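Shown here: structure-v4.csv, CSV, C-alpha atoms.
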```csv
chain,number,residue,atom,x,y,z
A,961,MET,CA,-58.1,213.1,-71.8
A,962,ALA,CA,-55.8,216.1,-72.3
A,963,THR,CA,-57.1,219.1,-70.4
A,964,PRO,CA,-55.1,222.2,-71.4
A,965,THR,CA,-55.0,224.9,-68.8
A,966,SER,CA,-57.0,227.8,-69.9
A,967,THR,CA,-55.2,231.0,-70.7
A,968,ASP,CA,-58.2,233.1,-70.0
A,969,ALA,CA,-57.5,234.9,-66.8
A,970,ARG,CA,-61.2,235.1,-65.9
A,971,ILE,CA,-61.6,231.3,-66.1
A,972,VAL,CA,-58.4,230.6,-64.2
A,973,ALA,CA,-59.6,233.0,-61.5
A,974,LEU,CA,-63.0,231.2,-61.2
A,975,LEU,CA,-61.2,227.8,-61.1
A,976,ARG,CA,-58.9,229.0,-58.3
A,977,LEU,CA,-61.9,229.8,-56.2
A,978,ALA,CA,-63.9,226.8,-57.2
A,979,ASP,CA,-61.0,224.3,-56.7
A,980,ASP,CA,-60.4,225.7,-53.2
A,981,ALA,CA,-64.0,225.1,-52.4
A,982,LEU,CA,-64.3,221.6,-54.0
A,983,ILE,CA,-61.1,220.2,-52.5
A,984,LEU,CA,-61.8,221.7,-49.0
A,985,GLY,CA,-65.3,220.4,-49.3
A,986,HIS,CA,-64.1,217.0,-50.2
A,987,ARG,CA,-61.7,217.0,-47.2
A,988,LEU,CA,-64.6,217.9,-44.8
A,989,SER,CA,-66.8,215.2,-46.4
A,990,GLU,CA,-64.2,212.7,-45.3
A,991,TRP,CA,-65.3,213.4,-41.7
A,992,CYS,CA,-68.8,212.0,-42.6
A,993,GLY,CA,-69.4,209.2,-40.1
A,994,HIS,CA,-66.1,210.0,-38.3
A,995,GLY,CA,-66.9,213.2,-36.5
A,996,PRO,CA,-65.9,213.4,-32.8
A,997,ILE,CA,-69.5,213.5,-31.8
A,998,LEU,CA,-72.7,213.4,-33.9
A,999,GLU,CA,-73.3,217.1,-33.8
A,1000,GLN,CA,-69.9,218.0,-35.1
A,1001,ASP,CA,-70.2,215.3,-37.7
A,1002,ILE,CA,-73.3,217.0,-39.0
A,1003,ALA,CA,-71.7,220.4,-38.8
A,1004,LEU,CA,-68.6,219.4,-40.8
A,1005,THR,CA,-70.6,217.8,-43.5
A,1006,ASN,CA,-72.9,220.8,-43.6
A,1007,HIS,CA,-69.9,223.0,-44.3
A,1008,ALA,CA,-68.7,220.5,-46.9
A,1009,LEU,CA,-72.0,220.9,-48.7
A,1010,ASP,CA,-71.8,224.7,-48.6
A,1011,LEU,CA,-68.3,224.5,-50.1
A,1012,ILE,CA,-69.2,221.9,-52.8
A,1013,GLY,CA,-72.3,224.0,-53.7
A,1014,ARG,CA,-70.1,227.1,-54.1
A,1015,ALA,CA,-67.7,225.1,-56.3
A,1016,ARG,CA,-70.7,224.0,-58.5
A,1017,ALA,CA,-71.8,227.6,-59.1
A,1018,LEU,CA,-68.3,228.7,-60.0
A,1019,TYR,CA,-67.5,225.7,-62.3
A,1020,THR,CA,-70.8,226.2,-64.1
A,1021,TYR,CA,-69.9,229.8,-64.7
A,1022,ALA,CA,-66.4,229.0,-65.8
A,1023,GLY,CA,-67.7,226.4,-68.3
A,1024,GLU,CA,-70.2,228.9,-69.8
A,1025,LEU,CA,-67.4,231.5,-70.2
A,1026,GLU,CA,-65.1,229.0,-71.7
A,1027,GLY,CA,-67.7,227.9,-74.2
A,1028,ALA,CA,-66.1,224.5,-74.8
A,1029,GLY,CA,-69.1,222.4,-73.5
A,1030,HIS,CA,-67.5,221.7,-70.1
A,1031,ASP,CA,-70.0,221.5,-67.2
A,1032,GLU,CA,-69.4,221.4,-63.4
A,1033,ASP,CA,-68.8,217.6,-63.5
A,1034,TRP,CA,-66.2,217.9,-66.2
A,1035,PHE,CA,-64.2,220.3,-64.1
A,1036,ALA,CA,-64.5,218.2,-61.0
A,1037,TYR,CA,-64.0,214.8,-62.5
A,1038,ARG,CA,-62.0,215.1,-65.7
A,1039,ARG,CA,-58.9,217.2,-64.8
A,1040,ASP,CA,-55.7,215.8,-63.4
A,1041,ALA,CA,-53.9,217.2,-60.4
A,1042,ILE,CA,-51.6,219.6,-62.5
A,1043,HIS,CA,-54.8,221.3,-63.8
A,1044,PHE,CA,-56.2,222.0,-60.4
A,1045,HIS,CA,-55.6,225.5,-59.1
A,1046,ASN,CA,-56.4,225.2,-55.4
A,1047,ALA,CA,-54.1,226.5,-52.7
A,1048,LEU,CA,-52.0,223.8,-51.0
A,1049,LEU,CA,-53.6,224.5,-47.7
A,1050,VAL,CA,-57.0,223.0,-48.6
A,1051,GLU,CA,-55.6,219.7,-49.8
A,1052,GLN,CA,-53.7,219.0,-46.6
A,1053,PRO,CA,-54.9,216.0,-44.7
A,1054,ASN,CA,-57.6,216.2,-42.0
A,1055,GLY,CA,-55.2,215.0,-39.3
A,1056,ASP,CA,-57.0,215.1,-36.0
A,1057,PHE,CA,-60.0,217.3,-35.3
A,1058,ALA,CA,-57.7,220.2,-34.2
A,1059,GLN,CA,-55.8,220.1,-37.5
A,1060,THR,CA,-59.0,220.2,-39.5
A,1061,ILE,CA,-60.1,223.1,-37.4
A,1062,ALA,CA,-56.8,224.9,-38.0
A,1063,ARG,CA,-57.1,224.5,-41.8
A,1064,GLN,CA,-60.7,225.6,-41.7
A,1065,PHE,CA,-59.9,228.6,-39.6
A,1066,PHE,CA,-57.1,229.8,-41.8
A,1067,TYR,CA,-59.2,229.3,-45.0
A,1068,ASP,CA,-62.4,230.8,-43.6
A,1069,ARG,CA,-60.7,234.0,-42.4
A,1070,TYR,CA,-59.1,234.4,-45.8
A,1071,ALA,CA,-62.3,233.5,-47.7
A,1072,GLN,CA,-64.4,236.0,-45.6
A,1073,LEU,CA,-62.1,238.8,-46.7
A,1074,TYR,CA,-61.7,237.7,-50.3
A,1075,TYR,CA,-65.4,237.0,-51.0
A,1076,HIS,CA,-66.4,240.2,-49.2
A,1077,ALA,CA,-64.2,242.2,-51.6
A,1078,LEU,CA,-65.5,240.1,-54.5
A,1079,THR,CA,-69.1,241.2,-53.8
A,1080,GLU,CA,-67.9,244.5,-55.3
A,1081,SER,CA,-67.1,242.8,-58.6
A,1082,PRO,CA,-68.5,244.7,-61.7
A,1083,ASP,CA,-69.4,241.2,-63.0
A,1084,GLU,CA,-72.9,240.8,-61.6
A,1085,ARG,CA,-73.0,237.1,-61.7
A,1086,LEU,CA,-69.7,236.7,-59.8
A,1087,ALA,CA,-70.8,239.4,-57.3
A,1088,ALA,CA,-74.0,237.4,-56.7
A,1089,ILE,CA,-72.2,234.1,-56.2
A,1090,ALA,CA,-69.8,236.0,-53.7
A,1091,ALA,CA,-72.7,237.5,-51.8
A,1092,LYS,CA,-74.5,234.2,-51.4
A,1093,SER,CA,-71.2,232.5,-50.4
A,1094,LEU,CA,-70.4,235.2,-47.9
A,1095,LYS,CA,-73.4,234.3,-45.7
A,1096,GLU,CA,-72.1,230.7,-45.5
A,1097,ILE,CA,-68.6,231.9,-44.9
A,1098,ASP,CA,-69.6,234.2,-42.0
A,1099,TYR,CA,-71.0,231.2,-40.2
A,1100,HIS,CA,-68.0,229.0,-41.0
A,1101,VAL,CA,-65.7,231.7,-39.5
A,1102,ARG,CA,-67.8,231.8,-36.4
A,1103,PHE,CA,-67.6,228.0,-36.1
A,1104,SER,CA,-63.9,227.5,-36.8
A,1105,SER,CA,-62.8,230.5,-34.7
A,1106,GLU,CA,-64.9,229.3,-31.7
A,1107,TRP,CA,-63.3,225.9,-31.9
A,1108,VAL,CA,-59.8,227.3,-32.1
A,1109,ILE,CA,-60.6,229.1,-28.9
A,1110,ARG,CA,-62.3,226.1,-27.2
A,1111,LEU,CA,-59.5,223.7,-28.0
A,1112,GLY,CA,-56.6,226.2,-27.4
A,1113,ASP,CA,-58.0,227.4,-24.1
A,1114,GLY,CA,-59.2,224.0,-23.1
A,1115,THR,CA,-57.4,221.1,-21.6
A,1116,ASP,CA,-53.6,220.5,-21.8
A,1117,GLU,CA,-54.2,217.9,-24.5
A,1118,SER,CA,-56.6,219.9,-26.6
A,1119,LYS,CA,-54.2,222.9,-26.4
A,1120,THR,CA,-51.2,220.8,-27.5
A,1121,ARG,CA,-53.2,219.4,-30.4
A,1122,MET,CA,-54.5,222.8,-31.5
A,1123,GLN,CA,-51.1,224.4,-31.3
A,1124,ARG,CA,-49.7,221.5,-33.4
A,1125,GLY,CA,-52.4,222.0,-36.0
A,1126,ILE,CA,-51.7,225.8,-36.2
A,1127,ASP,CA,-47.9,225.2,-36.4
A,1128,GLU,CA,-48.2,222.4,-39.0
A,1129,LEU,CA,-50.3,224.4,-41.4
A,1130,TRP,CA,-48.9,227.9,-41.0
A,1131,ARG,CA,-46.5,227.5,-43.9
A,1132,TYR,CA,-49.4,227.1,-46.3
A,1133,THR,CA,-51.1,230.4,-45.4
A,1134,GLY,CA,-48.8,232.7,-47.4
A,1135,GLU,CA,-49.9,231.3,-50.7
A,1136,LEU,CA,-53.5,232.5,-50.1
A,1137,PHE,CA,-52.3,236.1,-50.4
A,1138,ALA,CA,-49.7,235.7,-53.2
A,1139,MET,CA,-50.6,237.2,-56.5
A,1140,ASP,CA,-49.3,236.4,-60.0
A,1141,GLU,CA,-49.8,237.7,-63.6
A,1142,LEU,CA,-53.0,235.8,-64.1
A,1143,ASP,CA,-54.5,237.3,-60.9
A,1144,ARG,CA,-53.5,240.8,-62.0
A,1145,ALA,CA,-55.1,240.2,-65.5
A,1146,ALA,CA,-58.2,238.8,-63.7
A,1147,ILE,CA,-58.4,241.8,-61.4
A,1148,GLU,CA,-58.5,244.2,-64.4
A,1149,ARG,CA,-61.5,242.3,-65.7
A,1150,GLY,CA,-63.3,242.2,-62.3
A,1151,PHE,CA,-62.8,238.5,-61.8
A,1152,ALA,CA,-60.4,238.6,-58.9
A,1153,VAL,CA,-59.4,241.0,-56.1
A,1154,ASP,CA,-56.0,242.0,-54.9
A,1155,ALA,CA,-55.4,239.6,-52.0
A,1156,ALA,CA,-52.1,241.1,-50.9
A,1157,PRO,CA,-53.7,244.0,-49.0
A,1158,LEU,CA,-56.0,241.6,-47.3
A,1159,HIS,CA,-53.1,239.9,-45.5
A,1160,ASP,CA,-52.9,242.6,-42.8
A,1161,ALA,CA,-56.6,242.2,-42.0
A,1162,TRP,CA,-56.2,238.4,-41.9
A,1163,ASN,CA,-53.2,238.7,-39.6
A,1164,THR,CA,-55.1,241.0,-37.2
A,1165,ALA,CA,-58.1,238.7,-37.1
A,1166,VAL,CA,-56.0,235.5,-36.7
A,1167,ASP,CA,-53.9,237.1,-34.0
A,1168,ALA,CA,-56.9,238.1,-32.0
A,1169,VAL,CA,-58.3,234.6,-32.0
A,1170,LEU,CA,-55.0,233.0,-31.3
A,1171,ALA,CA,-54.5,235.4,-28.3
A,1172,GLU,CA,-58.0,234.6,-27.0
A,1173,ALA,CA,-57.2,230.9,-27.4
A,1174,THR,CA,-53.9,231.4,-25.4
A,1175,LEU,CA,-52.1,229.9,-28.4
A,1176,THR,CA,-48.7,231.0,-29.8
A,1177,ARG,CA,-48.6,232.6,-33.2
A,1178,PRO,CA,-46.0,230.9,-35.4
A,1179,GLU,CA,-43.1,232.8,-36.8
A,1180,ASP,CA,-43.5,233.9,-40.4
A,1181,GLY,CA,-40.9,231.7,-42.0
A,1182,TRP,CA,-40.7,230.0,-45.4
A,1183,MET,CA,-44.1,229.7,-47.1
A,1184,ALA,CA,-45.0,226.8,-49.5
A,1185,ASP,CA,-46.6,227.7,-52.8
A,1186,GLY,CA,-47.3,226.3,-56.2
A,1187,GLY,CA,-50.9,225.1,-55.9
A,1188,ARG,CA,-52.2,228.0,-57.9
A,1189,ALA,CA,-50.0,227.0,-60.8
A,1190,GLY,CA,-50.8,223.3,-60.5
A,1191,ARG,CA,-47.8,222.2,-58.5
A,1192,HIS,CA,-49.4,220.3,-55.7
A,1193,THR,CA,-48.4,218.3,-52.6
A,1194,GLU,CA,-48.7,214.5,-52.9
A,1195,HIS,CA,-52.1,214.6,-51.2
A,1196,LEU,CA,-54.1,216.0,-54.1
A,1197,GLY,CA,-53.4,212.9,-56.2
A,1198,PHE,CA,-54.9,210.7,-53.5
A,1199,ILE,CA,-57.9,213.0,-53.2
A,1200,LEU,CA,-58.6,212.9,-56.9
A,1201,ALA,CA,-58.1,209.1,-57.0
A,1202,ASP,CA,-61.0,208.9,-54.5
A,1203,LEU,CA,-63.1,211.7,-55.9
A,1204,GLN,CA,-62.8,210.8,-59.6
A,1205,PHE,CA,-62.7,207.0,-59.5
A,1206,LEU,CA,-66.2,206.5,-60.7
A,1207,GLN,CA,-66.1,208.8,-63.7
A,1208,ARG,CA,-62.7,207.6,-64.6
A,1209,ALA,CA,-63.8,203.9,-64.5
A,1210,TYR,CA,-67.2,204.5,-66.0
A,1211,PRO,CA,-67.0,207.7,-68.1
A,1212,ASP,CA,-70.3,209.6,-68.3
A,1213,ALA,CA,-72.0,207.2,-65.9
A,1214,THR,CA,-75.3,208.7,-64.6
A,1215,TRP,CA,-77.8,207.6,-62.0
B,255,MET,CA,-75.3,223.9,-13.5
B,256,SER,CA,-73.1,223.8,-10.4
B,257,ALA,CA,-75.3,221.1,-8.9
B,258,ASN,CA,-74.8,219.0,-11.9
B,259,PRO,CA,-71.1,219.0,-12.9
B,260,MET,CA,-70.2,218.1,-16.4
B,261,PRO,CA,-69.4,214.5,-16.7
B,262,ARG,CA,-65.9,213.9,-18.1
B,263,ASP,CA,-66.9,211.5,-20.8
B,264,GLU,CA,-70.1,213.2,-22.1
B,265,TRP,CA,-71.4,216.7,-22.7
B,266,PRO,CA,-74.6,217.7,-21.0
B,267,LEU,CA,-77.9,217.3,-22.8
B,268,TRP,CA,-79.8,220.4,-24.1
B,269,GLU,CA,-83.4,220.6,-25.2
B,270,ILE,CA,-83.9,222.6,-28.5
B,271,PHE,CA,-86.9,224.8,-29.3
B,272,ILE,CA,-87.3,226.3,-32.8
B,273,ARG,CA,-89.7,229.0,-34.0
B,274,SER,CA,-90.4,228.2,-37.6
B,275,ARG,CA,-91.5,231.8,-38.5
B,276,ARG,CA,-92.4,235.1,-37.1
B,277,GLY,CA,-95.6,235.1,-35.1
B,278,LEU,CA,-95.5,231.5,-34.2
B,279,ASP,CA,-94.2,230.1,-30.9
B,280,HIS,CA,-91.1,228.1,-30.3
B,281,LYS,CA,-91.7,224.3,-30.5
B,282,HIS,CA,-89.7,221.5,-29.0
B,283,VAL,CA,-87.8,219.8,-31.8
B,284,GLY,CA,-85.4,217.5,-30.0
B,285,SER,CA,-82.3,217.4,-28.0
B,286,LEU,CA,-78.5,217.3,-28.4
B,287,HIS,CA,-75.2,217.3,-26.5
B,288,ALA,CA,-73.0,220.4,-26.1
B,289,ALA,CA,-70.4,221.7,-23.7
B,290,ASP,CA,-72.2,225.0,-23.1
B,291,ALA,CA,-75.1,227.2,-24.3
B,292,GLN,CA,-73.1,228.8,-27.1
B,293,MET,CA,-72.1,225.4,-28.6
B,294,ALA,CA,-75.7,224.1,-28.1
B,295,LEU,CA,-77.0,227.0,-30.2
B,296,GLU,CA,-74.5,226.3,-33.0
B,297,ASN,CA,-75.1,222.6,-32.9
B,298,ALA,CA,-78.8,223.2,-33.0
B,299,ARG,CA,-78.3,225.4,-36.1
B,300,ASP,CA,-76.5,222.6,-37.8
B,301,VAL,CA,-78.6,219.7,-36.6
B,302,TYR,CA,-82.1,221.2,-36.7
B,303,THR,CA,-82.3,224.1,-39.2
B,304,ARG,CA,-80.7,222.5,-42.2
B,305,ARG,CA,-84.0,222.5,-44.1
B,306,LEU,CA,-85.1,226.1,-43.4
B,307,GLU,CA,-87.0,225.0,-40.3
B,308,GLY,CA,-86.5,228.1,-38.2
B,309,VAL,CA,-85.9,231.8,-37.7
B,310,SER,CA,-85.1,231.6,-33.9
B,311,ILE,CA,-83.6,229.0,-31.6
B,312,TRP,CA,-83.9,228.5,-27.9
B,313,VAL,CA,-81.6,226.1,-26.0
B,314,VAL,CA,-82.4,224.9,-22.5
B,315,PRO,CA,-80.3,222.6,-20.3
B,316,ALA,CA,-82.3,219.4,-20.1
B,317,SER,CA,-81.5,219.3,-16.3
B,318,ALA,CA,-83.3,222.6,-15.9
B,319,ILE,CA,-86.6,221.1,-17.0
B,320,THR,CA,-89.0,219.8,-14.3
B,321,ALA,CA,-91.5,217.4,-15.7
B,322,SER,CA,-94.8,216.3,-14.3
B,323,ASN,CA,-95.0,212.7,-13.1
B,324,PRO,CA,-97.1,210.4,-15.3
B,325,ASP,CA,-98.4,208.8,-12.1
B,326,ASP,CA,-100.1,212.1,-11.3
B,327,LYS,CA,-102.2,211.9,-14.4
B,328,ASP,CA,-105.5,211.3,-12.7
B,329,ALA,CA,-105.1,214.0,-10.1
B,330,PHE,CA,-103.7,216.5,-12.6
B,331,TYR,CA,-105.9,216.2,-15.6
B,332,ASP,CA,-109.1,214.2,-15.0
B,333,PRO,CA,-110.8,217.0,-12.9
B,334,ALA,CA,-111.0,219.1,-16.1
B,335,GLU,CA,-112.8,216.5,-18.1
B,336,ASP,CA,-116.4,217.5,-17.1
B,337,LYS,CA,-115.8,221.3,-17.5
B,338,VAL,CA,-116.6,221.7,-21.2
B,339,TYR,CA,-117.6,225.4,-20.5
B,340,ARG,CA,-113.8,226.1,-20.4
B,341,HIS,CA,-113.5,225.4,-24.1
B,342,PRO,CA,-114.1,228.4,-26.3
B,343,THR,CA,-116.2,226.3,-28.7
B,344,PHE,CA,-119.1,228.8,-28.8
B,345,TYR,CA,-117.3,231.4,-30.8
B,346,HIS,CA,-117.1,231.7,-34.5
B,347,VAL,CA,-113.5,232.0,-35.7
B,348,PRO,CA,-113.3,234.0,-39.0
B,349,ASP,CA,-111.5,232.1,-41.8
B,350,GLU,CA,-109.1,235.0,-42.1
B,351,VAL,CA,-107.5,234.4,-38.7
B,352,GLU,CA,-104.4,232.2,-39.1
B,353,ASN,CA,-102.3,230.3,-36.8
B,354,LEU,CA,-104.9,229.6,-34.2
```

Please lay out the structure from this file as structure tokens.
Amino acid sequence: MATPTSTDARIVALLRLADDALILGHRLSEWCGHGPILEQDIALTNHALDLIGRARALYTYAGELEGAGHDEDWFAYRRDAIHFHNALLVEQPNGDFAQTIARQFFYDRYAQLYYHALTESPDERLAAIAAKSLKEIDYHVRFSSEWVIRLGDGTDESKTRMQRGIDELWRYTGELFAMDELDRAAIERGFAVDAAPLHDAWNTAVDAVLAEATLTRPEDGWMADGGRAGRHTEHLGFILADLQFLQRAYPDATW
Amino acid sequence: MSANPMPRDEWPLWEIFIRSRRGLDHKHVGSLHAADAQMALENARDVYTRRLEGVSIWVVPASAITASNPDDKDAFYDPAEDKVYRHPTFYHVPDEVENL
């Protein structure tokens, strides 16, 4: 089914947030039954559910604004990779536990700043979704930051793995703060916030945790981007093949 | 827990107590593994409060709990059996008093 990308900046802004949440939530759900210990298995899947719940609220709102009869399931199950707007960071593979924690840490620190700013949105419904999400994000930040410190300031092996995870994913952090025309149009309508000024606060917070974790902050080099415009890494296609299989094979199947 | 060094292959056990709401006492809900108290608190949040069970969590190292010996049952508890006057059964409790 053709799924033309919306030109309404408000909808694109909602989908950028929602797709980040859905894809990261799906990645965390892949840990279900594979967590390093039972307690972390439950923690990671708890966070997956928080993220997927957030995506649902945002997709539902986007569908209502769009007025084309698309519900949350349509956005999740019926779009191909080029119509997903998530940042490249969240689709990166889980790797080992340290790499999952690095990805989560980078995203959580960004999401905390972004959703905090979004609670000031003049759009009441979006501000309410942001306020509810922020409570979850505050806990996620605490969890992922603490694990960065534990693993970084832990054994030789955990430190090596944590540093590798940080180094591996650093190149995907720049995209979180890049702004384009659609973002600027969405900001004017209260559906997005200017992420560029949040980068300094993110750097300060990340630096503090890395220092406490006795880890080395990577050099700011080339940064990957394209996810916001639908140009994804190879990984998203595999995620969607898994995520969308049932609805693709049996359209409109219900329980 | 210096007398009980952390085993290399498994984290120590913690007993978890949760207070379901203000005014009630903490109740034992189960146990879990964690490397230290902070991690035990967070694991307890994720394992035991997912269904709005609590407003407060206590974590206690399982090794810090001293339990009575089941073999001491007779000596410990039987002497109280014939002392019914210790039960406050002669008071009327008004219906409005909750959580007794």

ask   = Nearest to chain A among B:Glu335, B:Glu350, B:Glu296, B:Asp290, with distances taken over all atoms listed in the file: which residue is it?
value =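 Using all atoms listed in the file, the shortest distance to chain A belongs to B:Glu296.
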
key: Within 8 Å of chain A: residues of chain B, using only C-alpha atoms, as a PyMOL selection string   = chain B and resi 286-287+296-297+300-301

message = Residues near region 1160-1176 of chain A, anyone? I mean within 12 Å using only C-alpha atoms, not counting same-chain ones fewer than 5 positions away, as a PyMOL selection string.
response = chain A and resi 1062+1065-1074+1101-1102+1104-1116+1118-1127+1130+1133-1134+1136-1137+1155

key: Cut-off 12 Å around (-73.6, 228.0, -24.5) with only C-alpha atoms: residues as a list in words   =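 Returned residue set, sorted by chain then number, is Glu1106 and Arg1110 of chain A; Met255, Trp265, Pro266, Leu267, Trp268, His287, Ala288, Ala289, Asp290, Ala291, Gln292, Met293, Ala294, Leu295, Glu296, Asn297, Ala298, Trp312, Val313, Val314 and Pro315 of chain B.
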
message = Please compute the CA of Tyr1132 (chain A)-CA of Ala1047 (chain A) distance, one decimal, in Å.
response =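 Straight-line distance from CA of Tyr1132 (chain A) to CA of Ala1047 (chain A) works out to 8.0 Å.
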
request  = For CA of Arg1131 (chain A) and CA of Asp1202 (chain A), determine how far apart the two atoms are, in Å to one decimal place.
outcome  =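 So the answer is 25.9 Å.
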
note = In Å and to one decimal, CA of Lys1092 (chain A) is distant from CA of Arg1038 (chain A) by 26.9 Å

inquiry  = Neighbouring residues of Gln1052 (chain A) were defined as those with any atom within 9 Å, considering only C-alpha atoms; residues of the same chain fewer than 2 positions away were excluded. Please report them as a ChimeraX atom specification.
reply    = /A:984,987,1048-1050,1054-1055,1060,1063,1129,1193,1195-1196

Step by step: locate region 1017-1024 of chain A in the block above, keep all heavy atoms, then write the file as a tab-separated table (two decimals), in the first residue's frame.
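Full text of out-v5.tsv as output:
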```tsv
chain	number	residue	atom	x	y	z
A	1017	ALA	N	0.13	6.73	21.98
A	1017	ALA	CA	-0.55	8.01	22.21
A	1017	ALA	C	-0.26	8.99	21.09
A	1017	ALA	O	-1.15	9.71	20.62
A	1017	ALA	CB	-0.12	8.59	23.56
A	1018	LEU	N	1.00	9.02	20.64
A	1018	LEU	CA	1.41	9.96	19.60
A	1018	LEU	C	0.83	9.57	18.23
A	1018	LEU	O	0.38	10.43	17.48
A	1018	LEU	CB	2.93	10.05	19.54
A	1018	LEU	CG	3.59	10.70	20.77
A	1018	LEU	CD1	5.08	10.36	20.83
A	1018	LEU	CD2	3.39	12.21	20.76
A	1019	TYR	N	0.84	8.28	17.92
A	1019	TYR	CA	0.26	7.82	16.64
A	1019	TYR	C	-1.23	8.13	16.59
A	1019	TYR	O	-1.77	8.55	15.56
A	1019	TYR	CB	0.45	6.31	16.47
A	1019	TYR	CG	1.84	5.88	16.07
A	1019	TYR	CD1	2.40	4.72	16.60
A	1019	TYR	CD2	2.60	6.61	15.16
A	1019	TYR	CE1	3.67	4.29	16.24
A	1019	TYR	CE2	3.87	6.20	14.80
A	1019	TYR	CZ	4.40	5.04	15.33
A	1019	TYR	OH	5.65	4.63	14.97
A	1020	THR	N	-1.91	7.87	17.70
A	1020	THR	CA	-3.35	8.12	17.73
A	1020	THR	C	-3.64	9.59	17.45
A	1020	THR	O	-4.54	9.94	16.67
A	1020	THR	CB	-3.93	7.70	19.09
A	1020	THR	OG1	-3.68	6.31	19.28
A	1020	THR	CG2	-5.42	7.96	19.17
A	1021	TYR	N	-2.85	10.45	18.09
A	1021	TYR	CA	-3.04	11.90	17.89
A	1021	TYR	C	-2.73	12.27	16.44
A	1021	TYR	O	-3.49	13.02	15.80
A	1021	TYR	CB	-2.14	12.66	18.85
A	1021	TYR	CG	-2.43	14.14	18.94
A	1021	TYR	CD1	-3.65	14.67	18.53
A	1021	TYR	CD2	-1.48	15.02	19.46
A	1021	TYR	CE1	-3.92	16.03	18.62
A	1021	TYR	CE2	-1.74	16.38	19.54
A	1021	TYR	CZ	-2.95	16.88	19.12
A	1021	TYR	OH	-3.20	18.22	19.21
A	1022	ALA	N	-1.64	11.73	15.89
A	1022	ALA	CA	-1.28	12.04	14.50
A	1022	ALA	C	-2.40	11.60	13.56
A	1022	ALA	O	-2.76	12.33	12.63
A	1022	ALA	CB	0.03	11.34	14.13
A	1023	GLY	N	-2.98	10.43	13.81
A	1023	GLY	CA	-4.05	9.93	12.97
A	1023	GLY	C	-5.27	10.83	13.03
A	1023	GLY	O	-5.93	11.09	12.01
A	1024	GLU	N	-5.59	11.33	14.22
A	1024	GLU	CA	-6.75	12.22	14.36
A	1024	GLU	C	-6.52	13.54	13.62
A	1024	GLU	O	-7.42	14.05	12.95
A	1024	GLU	CB	-7.03	12.48	15.84
A	1024	GLU	CG	-7.60	11.25	16.54
A	1024	GLU	CD	-7.77	11.46	18.04
A	1024	GLU	OE1	-7.83	12.64	18.47
A	1024	GLU	OE2	-7.83	10.46	18.76
```
